[in-house]
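Shown next, in structure tokens, is the structure this report addresses.
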Amino acid sequence: MSEVTYPMVRQRPFDPPDEATELRQQAAMHRMTYGDGHRGWLVTRYSAARAILAHPHFSNRPDLVHPALPAQVERVKMQREGKMPAGVFLRMDPPDHTRYRKLLTGQFTVRRMKALESRIEEIANACLDDMAAAGGPVDLVQTFALPIPSLVICELLGVPYADRAQFQENSKLLINLETKAEESIAAIGRVMTYLYGLIRRKREEPADDLLSGLIEGGELDDEELTGVSFLLLLAGHETTANMLGLGTYALLTNPAQLAAMRDDPSVVDNGVEELLRYLTIIHVGPVRTALEDVEIEGNLIKAGESVAFHLPAANRDPSRFPDGDQLDVTRPAGGHLTFGHGIHQCLGQQLARAEMRIAYPALLRRFPGLRLAVTPEEVPMRSDMGIYGVHRLPVTW
């Protein structure tokens, strides 16, 4: 079996790299050379990816996981040296992960998410009012896609929105694949220092927000609370912002799909799931490492070997999603792997869905003549980021 490297180069803005598609057509799993020279595995098919993500004998700990890309080697080394903050439970295994996850699940209640919907509508409409007042062309990322999830996660956590510039600037550094390890450490330090101070202030003056709720629960110290809030803040705006930007770009280049999302409320839920599946903004990974020998679909993964997932390819697997290379907002697209699977499945996925269910139709109905202000080829893609999307989306109406 020949070895491959992680496929990164996309020939078309909405599709996985052709190399990843070809590998998926050949087999579910492939031998892969990692960024640090480790000989592990690449998974490109849906069934194998889902099986491994749910398997209890695979670890997400940074001291065990190998970097998929050469650019990630120094960052992984940093994480192994213990320079990641306490409370970043995404990189933990049970029972530590279970403890944090249980505490956070109690805060991400259905009631709280439902209560946020009217506020999301208010935020979206305010952004649209500002767009209308400014007149086109505008950059949809800065005027709509980024402000909505940023405002929502700030209000949910209790972070002053006036401070958003700092964490947005630093989060861009952290997900940029070309950022040097020392720059990442400095960016983490800046965000952590800010959040630590915020948590200390909330101990003195609690409010009706998620961080205050965790503080009042009394189970986490200030360092743990800082790490938890760091993870939620970073994940809570980067991912949804990129889905809103990239999803709008995809709809603008698929007029029939755009019309369905705009005019037929009954397809919006399916449409959101389909955009999540079709676009799969997780550009690299995730990666897991086997804790013992495990056989998956006839392949023996030995203890200590890492497994990288190519989720954009897996979410186009025709055995799970027939005609998966076509965008069809009427498709029942549930079961995709964009939010992951297993114990590390995205904690905030219902919040992200609510934001998209509200934002896409609101934008398309407010501006029925919405169109690109540049040629499709001129839209700058986030190929240099761990979270895929568009750097800018110039639009007019």
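Please note that chains go A, B, ... in the order of the structure tokens, that every chain numbers its residues from 1, and that ligands are numbered from 1 in the order shown.
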* To do: Extract the full set of alpha helix (DSSP H) residues from stretch 241-320 of chain A according to DSSP on the backbone, and format it as an MDAnalysis selection string.
  => chainID A and resid 241:252 255:263 268:279 311:314
* For A:Gly340, list every protein, DNA or RNA residue within 8 Å, evaluated using only C-alpha atoms, and leave out those in the same chain fewer than 5 positions away; present the list as a PyMOL selection string. => chain A and resi 53+345-346
* Counting only C-alpha atoms, the residue of A:Asn125, A:Thr330, A:Gln25, A:Asn176 that sits nearest A:Tyr388 -> A:Asn176
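For the choices A:Glu22, A:Asp93, A:Asp328, A:Glu355, the atom-to-atom distance to A:Val267 is smallest for A:Asp328 when using only C-alpha atoms.
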* Asked: Which polymer residues have any atom within 10 Å of an atom of A:Arg365, counting only C-alpha atoms, with same-chain residues fewer than 6 positions away left out, as a list in words?
  -> Ala259, Met261, Arg262 and Asp263 of chain A
* **All residues 7 Å or closer to stretch 141-152 of chain A, only C-alpha atoms, same chain fewer than 4 positions away omitted, as a PyMOL selection string** => chain A and resi 120+123-124+127+131+156+161+236-237+240-241+244-245+392-393
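Our summary of the geometry notes that atom CA of A:Leu69 is positioned 25.0 Å from atom CA of A:Ala86.
Note that atom CA of A:His38 and atom CA of A:Ser306 are 8.1 Å apart.
The gap separating atom CA of A:Val191 from atom CA of A:Thr109 is 26.2 Å, in Å to one decimal.
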Set out as a tab-separated table a contact list for stretch 77-182 of chain A and stretch 274-298 of chain A with a cut-off of 12 Å, giving each residue of stretch 77-182 of chain A that qualifies its closest atom pair and distance in Å to one decimal, counting only C-alpha atoms, ordered by chain and rising residue number.
```
residue	atom	partner	partner_atom	distance
A:Leu90	CA	A:Pro286	CA	11.0
A:Arg91	CA	A:Arg288	CA	10.2
A:Met92	CA	A:Arg288	CA	11.2
A:Asp93	CA	A:Arg288	CA	10.8
A:Ile175	CA	A:His283	CA	10.4
A:Asn176	CA	A:His283	CA	11.1
A:Leu177	CA	A:Val284	CA	9.5
```
Include C-alpha atoms and write out the residues we just selected as an mmCIF file, in the first residue's frame.
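Once everything was written out, this is selection-v1.cif:
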```cif
data_model
loop_
_atom_site.group_PDB
_atom_site.id
_atom_site.type_symbol
_atom_site.label_atom_id
_atom_site.label_comp_id
_atom_site.auth_asym_id
_atom_site.auth_seq_id
_atom_site.Cartn_x
_atom_site.Cartn_y
_atom_site.Cartn_z
ATOM 1 C CA LEU A 90 -11.557 19.192 23.423
ATOM 2 C CA ARG A 91 -8.038 17.754 23.717
ATOM 3 C CA MET A 92 -8.855 15.443 26.631
ATOM 4 C CA ASP A 93 -10.037 11.837 26.975
ATOM 5 C CA ILE A 175 -6.382 28.891 13.068
ATOM 6 C CA ASN A 176 -3.976 30.158 10.402
ATOM 7 C CA LEU A 177 -1.942 27.130 9.337
#
```
* To do: Using only C-alpha atoms, find the one residue out of A:Arg331, A:Ala260, A:Asp269, A:Arg12 that sits nearest to A:Pro376.
  => A:Arg12
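Of the residues under consideration (A:Ala250, A:Ala362, A:Ala48, A:Val374), A:Ala362 shows the shortest atom-to-atom contact distance to A:Leu128 when counting only C-alpha atoms.
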* Spatial neighbours of A:Arg39, max dist 10 Å, only C-alpha atoms, sep filter under 4 positions, as a VMD selection string -> chain A and resid 3 to 4 31 to 35 66 305 to 307
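Comparing the minimum interatomic distances between A:Gln166 and each of A:Leu195, A:Ala126, A:Val138, A:Leu347, counting only C-alpha atoms, we find that A:Leu195 sits nearest.
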* **For A:His30: contacts at 10 Å, only C-alpha atoms, fewer than 4 positions along chain excluded, given as a PyMOL selection string** => chain A and resi 1-5+23-24+26+40-44+299+307-308
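Using only C-alpha atoms, the residues found no farther than 10 Å from A:Glu183, other than those of its own chain fewer than 2 positions away, are A:Arg75, A:Asn170, A:Leu173, A:Leu174, A:Thr179, A:Lys180, A:Ala181, A:Ile185, A:Ala186, A:Ala187, A:Ile188, A:Gly189.
You can rank A:Arg112, A:Arg371, A:Arg203, A:Arg320 by their closest distance to A:Gln350 using only C-alpha atoms, and at the top of that list sits A:Arg112.
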